[in-house]
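Asks: Can you read through this structure? Questions will come right after.
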Number of protein chains: 2
Amino acid sequence: MKSSIPAATVARLPVYLRCLGDLFVSQGTCSSEELAAIAGVNSAQVRKDLSFLGSPGVRGVGYNVLDLSRELRVALGLTKGYSVAIIGIGNLGRALSNYKGFGDWGFEVAALFDADPDKVGTAVGEFSVESMDDLEQIVKERNVSIGIVTVPADAAQYVADRLVETGIRSILNFAPIVLQVSDNVSVRRVDLSTELPILTFLLQQSVE
Amino acid sequence: MKSSIPAATVARLPVYLRCLGDLFVSQGTCSSEELAAIAGVNSAQVRKDLSFLGSPGVRGVGYNVLDLSRELRVALGLTKGYSVAIIGIGNLGRALSNYKGFGDWGFEVAALFDADPDKVGTAVGEFSVESMDDLEQIVKERNVSIGIVTVPADAAQYVADRLVETGIRSILNFAPIVLQVSDNVSVRRVDLSTELPILTFLLQQSVE
DNA sequence: CGTTGTGAAGGTCTTCACAGCC
DNA sequence: GGCTGTGAAGACCTTCACAACG
């Protein structure tokens, strides 16, 4: 099935959801203008984006904060309790393992993996690091839907291939490399190293 | 001065630069087709993007890998040795402090800050954590150009305001909040918590 | 001959402006 | 009256297709 919600809109929906949570909850309602201000976008953008969810607003009044939050969670699939696995327990993998935000959004961390035998069996937060040898088995047993890749660049493609082979269709990639996957697999790249050069480009521009 | 390079292109240039580094260096030349394959984009896109740098290619041959790398570094401002400061030494801030990639791209980590008195003075990698009280002074002394914000969401806006007051015009924000800044300040947001919901949305779509 | 550089076409995304509705 | 929902306009971005050229 083809999504009828534009990609650019999908990328903003989680931002709206978080902004709603930040609003004082006793405030039952919220206008597109208010939401736009917090989310840092145009108010017409907010209205158009939200209109793809059906029509959750009331003219002359605004959007009901709780209703809209629920609709956003359903639309984004956050009510389904998807499980994630983190592969690569270096500095970043460890930081993510301790990240408390997963639960708030309905995600469960189901497993941590590392290739280093010295790390396997050690505790990280409330979890224990497992061996890459058991990747396939554990991913299937625990019904992992999303792989978070935090291995070094030169191992990332190999890890991604193994994840895809076990049936995973969603990857969040922190390794500084563009993963090559078949087009039934979704990859989001979070790439620190490309962000700083964008800022320095803009810095230069403002001076010249 | 207004940039003549489109924003979408600027965001891809660092990716190209890294891909060139990954190419076997003895390979003196590289076609738009090859680069496009590694970077995961269309080859016409590559040619159009690179044409904004002048015309660094040779028809019938391709692009000289070293020349193009140098041109990209200059265009992105990576030859200017900008300094960064990391504010907020939690799990993520610590992971970034140990990140080796900064130097490769010409960045220098000039200071680490935290508001917690217990952390001030402790060593993280080769650095020592400094007090937020000294933020203004140290940022000016060490000529910091970019602030990397890794504090909790509820402190992020306050920290950003202080950075801007000291004259910083570029912020890389890891806090899950949209920072409100005047429009002479550039902010790039790296937001883990919005990435997972985008993946689950796509997961759902492929099933329905 | 092979590959770049680029006008033109075709999409997608954003913003405006106002009709529609509570 | 006030705010949403949305057609239409406009800006931006991507892709095609081929002329230009080493």
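Labels used: A, B, ... for chains in the order of the structure tokens, numbers from 1 for residues in each chain, and numbers from 1 for ligands as shown.
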Based on DSSP run over this structure's backbone, return all residues of chain B in alpha helix (DSSP H), as a short mmCIF file (atom, residue, chain, number, x, y, z; two decimals) with N, CA and C atoms, in the first residue's frame.

Replies:
```cif
data_model
loop_
_atom_site.label_atom_id
_atom_site.label_comp_id
_atom_site.auth_asym_id
_atom_site.auth_seq_id
_atom_site.Cartn_x
_atom_site.Cartn_y
_atom_site.Cartn_z
N ALA B 7 20.14 24.94 -0.47
CA ALA B 7 20.29 24.27 0.82
C ALA B 7 20.37 22.75 0.66
N ALA B 8 19.57 22.20 -0.23
CA ALA B 8 19.55 20.75 -0.40
C ALA B 8 20.90 20.26 -0.90
N THR B 9 21.53 21.05 -1.72
CA THR B 9 22.87 20.70 -2.22
C THR B 9 23.89 20.77 -1.10
N VAL B 10 23.86 21.84 -0.33
CA VAL B 10 24.81 21.99 0.78
C VAL B 10 24.74 20.77 1.71
N ALA B 11 23.55 20.27 1.95
CA ALA B 11 23.39 19.13 2.85
C ALA B 11 24.01 17.86 2.28
N ARG B 12 24.14 17.80 0.95
CA ARG B 12 24.74 16.60 0.36
C ARG B 12 26.25 16.69 0.19
N LEU B 13 26.79 17.90 0.12
CA LEU B 13 28.23 18.04 -0.14
C LEU B 13 29.09 17.28 0.87
N PRO B 14 28.79 17.34 2.19
CA PRO B 14 29.61 16.56 3.13
C PRO B 14 29.54 15.06 2.86
N VAL B 15 28.41 14.59 2.38
CA VAL B 15 28.29 13.17 2.07
C VAL B 15 29.23 12.81 0.92
N TYR B 16 29.23 13.65 -0.11
CA TYR B 16 30.14 13.40 -1.24
C TYR B 16 31.58 13.39 -0.76
N LEU B 17 31.92 14.37 0.08
CA LEU B 17 33.30 14.47 0.55
C LEU B 17 33.70 13.19 1.27
N ARG B 18 32.83 12.69 2.10
CA ARG B 18 33.19 11.47 2.81
C ARG B 18 33.30 10.28 1.86
N CYS B 19 32.40 10.20 0.90
CA CYS B 19 32.45 9.10 -0.06
C CYS B 19 33.76 9.13 -0.85
N LEU B 20 34.23 10.31 -1.20
CA LEU B 20 35.51 10.41 -1.92
C LEU B 20 36.63 9.86 -1.07
N GLY B 21 36.59 10.14 0.23
CA GLY B 21 37.60 9.61 1.13
C GLY B 21 37.58 8.10 1.20
N ASP B 22 36.37 7.52 1.03
CA ASP B 22 36.24 6.07 1.10
C ASP B 22 36.73 5.39 -0.17
N SER B 32 30.53 10.61 -12.06
CA SER B 32 29.33 10.98 -11.29
C SER B 32 28.49 9.73 -11.01
N GLU B 33 28.57 8.78 -11.91
CA GLU B 33 27.83 7.52 -11.73
C GLU B 33 28.34 6.75 -10.51
N GLU B 34 29.66 6.63 -10.40
CA GLU B 34 30.26 5.92 -9.25
C GLU B 34 29.92 6.62 -7.94
N LEU B 35 30.14 7.93 -7.92
CA LEU B 35 29.91 8.69 -6.70
C LEU B 35 28.44 8.60 -6.29
N ALA B 36 27.57 8.67 -7.29
CA ALA B 36 26.13 8.59 -7.01
C ALA B 36 25.76 7.26 -6.37
N ALA B 37 26.40 6.18 -6.85
CA ALA B 37 26.08 4.86 -6.30
C ALA B 37 26.44 4.78 -4.82
N ILE B 38 27.62 5.26 -4.46
CA ILE B 38 28.05 5.19 -3.06
C ILE B 38 27.24 6.13 -2.18
N ALA B 39 26.90 7.29 -2.71
CA ALA B 39 26.20 8.29 -1.90
C ALA B 39 24.69 8.04 -1.87
N SER B 43 22.70 10.19 -10.45
CA SER B 43 23.95 10.75 -10.96
C SER B 43 23.79 12.17 -11.51
N ALA B 44 22.61 12.47 -12.01
CA ALA B 44 22.37 13.83 -12.48
C ALA B 44 22.41 14.81 -11.30
N GLN B 45 21.94 14.30 -10.16
CA GLN B 45 21.98 15.10 -8.93
C GLN B 45 23.42 15.44 -8.57
N VAL B 46 24.28 14.44 -8.63
CA VAL B 46 25.69 14.66 -8.32
C VAL B 46 26.28 15.72 -9.26
N ARG B 47 26.04 15.58 -10.53
CA ARG B 47 26.62 16.52 -11.49
C ARG B 47 26.11 17.94 -11.24
N LYS B 48 24.80 18.05 -11.02
CA LYS B 48 24.24 19.38 -10.78
C LYS B 48 24.81 19.97 -9.49
N ASP B 49 24.87 19.17 -8.43
CA ASP B 49 25.41 19.65 -7.16
C ASP B 49 26.85 20.16 -7.33
N LEU B 50 27.67 19.34 -7.99
CA LEU B 50 29.09 19.70 -8.11
C LEU B 50 29.29 20.89 -9.04
N SER B 51 28.33 21.10 -9.94
CA SER B 51 28.49 22.22 -10.87
C SER B 51 28.42 23.55 -10.14
N VAL B 65 39.73 12.89 -7.94
CA VAL B 65 39.31 12.67 -6.55
C VAL B 65 39.94 13.67 -5.58
N LEU B 66 41.23 13.87 -5.69
CA LEU B 66 41.90 14.77 -4.74
C LEU B 66 41.50 16.23 -4.95
N ASP B 67 41.45 16.66 -6.21
CA ASP B 67 41.05 18.04 -6.50
C ASP B 67 39.65 18.31 -5.98
N LEU B 68 38.75 17.37 -6.25
CA LEU B 68 37.37 17.57 -5.84
C LEU B 68 37.26 17.60 -4.32
N SER B 69 38.00 16.73 -3.65
CA SER B 69 37.98 16.73 -2.19
C SER B 69 38.41 18.09 -1.66
N ARG B 70 39.48 18.61 -2.24
CA ARG B 70 39.96 19.91 -1.77
C ARG B 70 38.93 21.00 -2.01
N GLU B 71 38.32 20.98 -3.18
CA GLU B 71 37.31 22.00 -3.49
C GLU B 71 36.14 21.92 -2.52
N LEU B 72 35.74 20.70 -2.19
CA LEU B 72 34.62 20.53 -1.26
C LEU B 72 34.98 21.06 0.12
N ARG B 73 36.21 20.73 0.56
CA ARG B 73 36.63 21.22 1.89
C ARG B 73 36.64 22.74 1.95
N VAL B 74 37.13 23.36 0.89
CA VAL B 74 37.16 24.82 0.86
C VAL B 74 35.74 25.38 0.85
N ALA B 75 34.89 24.84 -0.01
CA ALA B 75 33.52 25.35 -0.12
C ALA B 75 32.78 25.24 1.20
N LEU B 76 33.03 24.16 1.93
CA LEU B 76 32.31 23.93 3.19
C LEU B 76 32.95 24.68 4.37
N ASN B 91 25.55 11.13 29.02
CA ASN B 91 25.97 10.00 28.20
C ASN B 91 26.35 10.42 26.79
N LEU B 92 25.47 11.22 26.20
CA LEU B 92 25.69 11.60 24.81
C LEU B 92 26.87 12.57 24.69
N GLY B 93 26.91 13.56 25.58
CA GLY B 93 28.01 14.52 25.55
C GLY B 93 29.35 13.83 25.70
N ARG B 94 29.38 12.82 26.56
CA ARG B 94 30.63 12.08 26.77
C ARG B 94 31.00 11.30 25.50
N ALA B 95 30.00 10.68 24.89
CA ALA B 95 30.25 9.94 23.65
C ALA B 95 30.82 10.87 22.58
N LEU B 96 30.24 12.06 22.47
CA LEU B 96 30.72 13.01 21.45
C LEU B 96 32.12 13.50 21.77
N SER B 97 32.41 13.69 23.07
CA SER B 97 33.73 14.17 23.46
C SER B 97 34.82 13.20 23.03
N GLY B 101 36.07 11.68 15.03
CA GLY B 101 35.82 12.22 13.70
C GLY B 101 36.02 13.72 13.55
N PHE B 102 35.97 14.46 14.66
CA PHE B 102 36.08 15.92 14.55
C PHE B 102 37.35 16.35 13.83
N GLY B 103 38.48 15.82 14.29
CA GLY B 103 39.76 16.22 13.72
C GLY B 103 39.87 15.95 12.23
N ASP B 104 39.35 14.81 11.78
CA ASP B 104 39.42 14.46 10.36
C ASP B 104 38.82 15.54 9.49
N LEU B 135 31.42 29.96 30.98
CA LEU B 135 31.07 29.78 29.56
C LEU B 135 31.47 30.98 28.70
N GLU B 136 30.95 32.15 29.09
CA GLU B 136 31.18 33.34 28.27
C GLU B 136 32.67 33.61 28.07
N GLN B 137 33.39 33.58 29.19
CA GLN B 137 34.82 33.90 29.13
C GLN B 137 35.58 32.92 28.24
N ILE B 138 35.36 31.63 28.47
CA ILE B 138 36.12 30.61 27.73
C ILE B 138 35.77 30.59 26.25
N VAL B 139 34.48 30.75 25.95
CA VAL B 139 34.07 30.77 24.54
C VAL B 139 34.78 31.88 23.79
N LYS B 140 34.89 33.03 24.46
CA LYS B 140 35.56 34.16 23.79
C LYS B 140 37.07 33.94 23.70
N GLU B 141 37.66 33.55 24.82
CA GLU B 141 39.11 33.32 24.85
C GLU B 141 39.56 32.33 23.79
N ALA B 153 16.30 18.49 27.70
CA ALA B 153 15.38 19.36 26.98
C ALA B 153 15.04 20.64 27.75
N ASP B 154 14.85 20.51 29.06
CA ASP B 154 14.36 21.68 29.79
C ASP B 154 15.45 22.73 30.04
N ALA B 155 16.70 22.40 29.74
CA ALA B 155 17.77 23.38 29.90
C ALA B 155 18.25 23.91 28.55
N ALA B 156 17.81 23.29 27.47
CA ALA B 156 18.39 23.57 26.15
C ALA B 156 18.17 25.00 25.68
N GLN B 157 16.96 25.52 25.88
CA GLN B 157 16.70 26.87 25.41
C GLN B 157 17.54 27.88 26.19
N TYR B 158 17.66 27.66 27.49
CA TYR B 158 18.47 28.55 28.34
C TYR B 158 19.92 28.54 27.87
N VAL B 159 20.46 27.36 27.64
CA VAL B 159 21.85 27.25 27.17
C VAL B 159 22.02 27.93 25.82
N ALA B 160 21.06 27.70 24.92
CA ALA B 160 21.15 28.31 23.59
C ALA B 160 21.16 29.83 23.70
N ASP B 161 20.31 30.36 24.58
CA ASP B 161 20.26 31.81 24.75
C ASP B 161 21.60 32.35 25.21
N ARG B 162 22.23 31.65 26.15
CA ARG B 162 23.53 32.12 26.63
C ARG B 162 24.59 32.03 25.55
N LEU B 163 24.56 30.96 24.76
CA LEU B 163 25.52 30.83 23.67
C LEU B 163 25.37 31.99 22.68
N VAL B 164 24.13 32.28 22.33
CA VAL B 164 23.88 33.35 21.36
C VAL B 164 24.35 34.69 21.92
N GLU B 165 24.10 34.90 23.22
CA GLU B 165 24.54 36.15 23.84
C GLU B 165 26.05 36.35 23.77
N LEU B 192 17.13 12.05 17.75
CA LEU B 192 16.88 10.62 17.75
C LEU B 192 15.41 10.31 17.92
N SER B 193 14.75 11.02 18.82
CA SER B 193 13.41 10.60 19.21
C SER B 193 12.39 10.81 18.10
N THR B 194 12.69 11.65 17.12
CA THR B 194 11.74 11.79 16.02
C THR B 194 12.01 10.79 14.89
N GLU B 195 13.18 10.17 14.91
CA GLU B 195 13.53 9.25 13.82
C GLU B 195 12.79 7.92 13.93
N LEU B 196 12.71 7.39 15.15
CA LEU B 196 12.05 6.09 15.32
C LEU B 196 10.58 6.13 14.90
N PRO B 197 9.81 7.15 15.28
CA PRO B 197 8.42 7.20 14.83
C PRO B 197 8.28 7.26 13.31
N ILE B 198 9.23 7.88 12.64
CA ILE B 198 9.16 7.91 11.18
C ILE B 198 9.30 6.49 10.63
N LEU B 199 10.21 5.72 11.24
CA LEU B 199 10.38 4.33 10.81
C LEU B 199 9.14 3.49 11.09
N THR B 200 8.53 3.69 12.25
CA THR B 200 7.34 2.87 12.55
C THR B 200 6.18 3.26 11.64
N PHE B 201 6.11 4.52 11.27
CA PHE B 201 5.08 4.91 10.31
C PHE B 201 5.26 4.12 9.01
N LEU B 202 6.48 4.08 8.52
CA LEU B 202 6.77 3.37 7.28
C LEU B 202 6.53 1.86 7.42
N LEU B 203 6.87 1.32 8.59
CA LEU B 203 6.62 -0.09 8.86
C LEU B 203 5.15 -0.42 8.69
N GLN B 204 4.31 0.39 9.31
CA GLN B 204 2.86 0.21 9.23
C GLN B 204 2.37 0.24 7.80
N GLN B 205 2.85 1.26 7.07
CA GLN B 205 2.42 1.44 5.69
C GLN B 205 2.66 0.21 4.84
N SER B 206 3.81 -0.42 5.05
CA SER B 206 4.17 -1.54 4.19
C SER B 206 3.31 -2.76 4.49
N VAL B 207 2.65 -2.77 5.64
CA VAL B 207 1.83 -3.91 6.02
C VAL B 207 0.38 -3.72 5.56
#
```

Asks: Kindly provide, as a list in words, the residues of chain B having any atom no farther than 7 Å from an atom of chain D, counting only C-alpha atoms (C1' of nucleotides).

Replies: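 That gives the following set of residues: Val58, Arg59 and Gly60 of chain B.
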
Asks: CA of Asp134 (chain B) and CA of Phe174 (chain B) are how many Å apart?

Replies: 21.9 Å

Asks: Extract the full set of strand (DSSP E or B) residues from region 4-203 of chain A according to DSSP on the backbone, and format it as a PyMOL selection string.

Replies: chain A and resi 29-30+57-58+62-64+83-87+108-114+123-124+127-131+144-149+170-173+186-189

Asks: Quote the spacing between CA of Ser83 (chain B) and CA of Gly125 (chain B) in Å to one decimal place.

Replies: 17.1 Å

Asks: Under the rule of at most 10 Å, produce a per-residue listing of chain C near chain B: chain, number, name, the closest pair of atoms, and the distance in Å, as JSON lines, using only C-alpha atoms (C1' of nucleotides).

Replies:
```
{"residue": "C:DC1", "atom": "C1'", "partner": "B:Gly60", "partner_atom": "CA", "distance": 7.8}
{"residue": "C:DG2", "atom": "C1'", "partner": "B:Gly60", "partner_atom": "CA", "distance": 4.5}
{"residue": "C:DT3", "atom": "C1'", "partner": "B:Gly60", "partner_atom": "CA", "distance": 3.8}
{"residue": "C:DT4", "atom": "C1'", "partner": "B:Arg59", "partner_atom": "CA", "distance": 4.4}
{"residue": "C:DG5", "atom": "C1'", "partner": "B:Ser51", "partner_atom": "CA", "distance": 7.2}
{"residue": "C:DT6", "atom": "C1'", "partner": "B:Lys48", "partner_atom": "CA", "distance": 8.1}
```

Asks: Restricting the calculation to only C-alpha atoms: of B:Asn184, B:Thr150, B:Asn143, B:Asn42, which residue gets closest to chain A?

Replies: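 Ranking B:Asn184, B:Thr150, B:Asn143, B:Asn42 by distance to chain A, first place goes to B:Asn184.
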
Asks: Rank A:Val149, A:Ile168, A:Leu23, A:Leu78 by their smallest atom-to-atom distance to chain B, using only C-alpha atoms, and report the top residue only.

Replies: A:Leu78

Asks: Could you please determine the separation between CA of Ser186 (chain A) and CA of Ser145 (chain A) in Å, to one decimal place?

Replies: 11.4 Å

Asks: For a quick check of understanding, using only C-alpha atoms, which of A:Gly54, A:Gly77, A:Gly167, A:Gly147 has the smallest distance to chain B?

Replies: A:Gly77
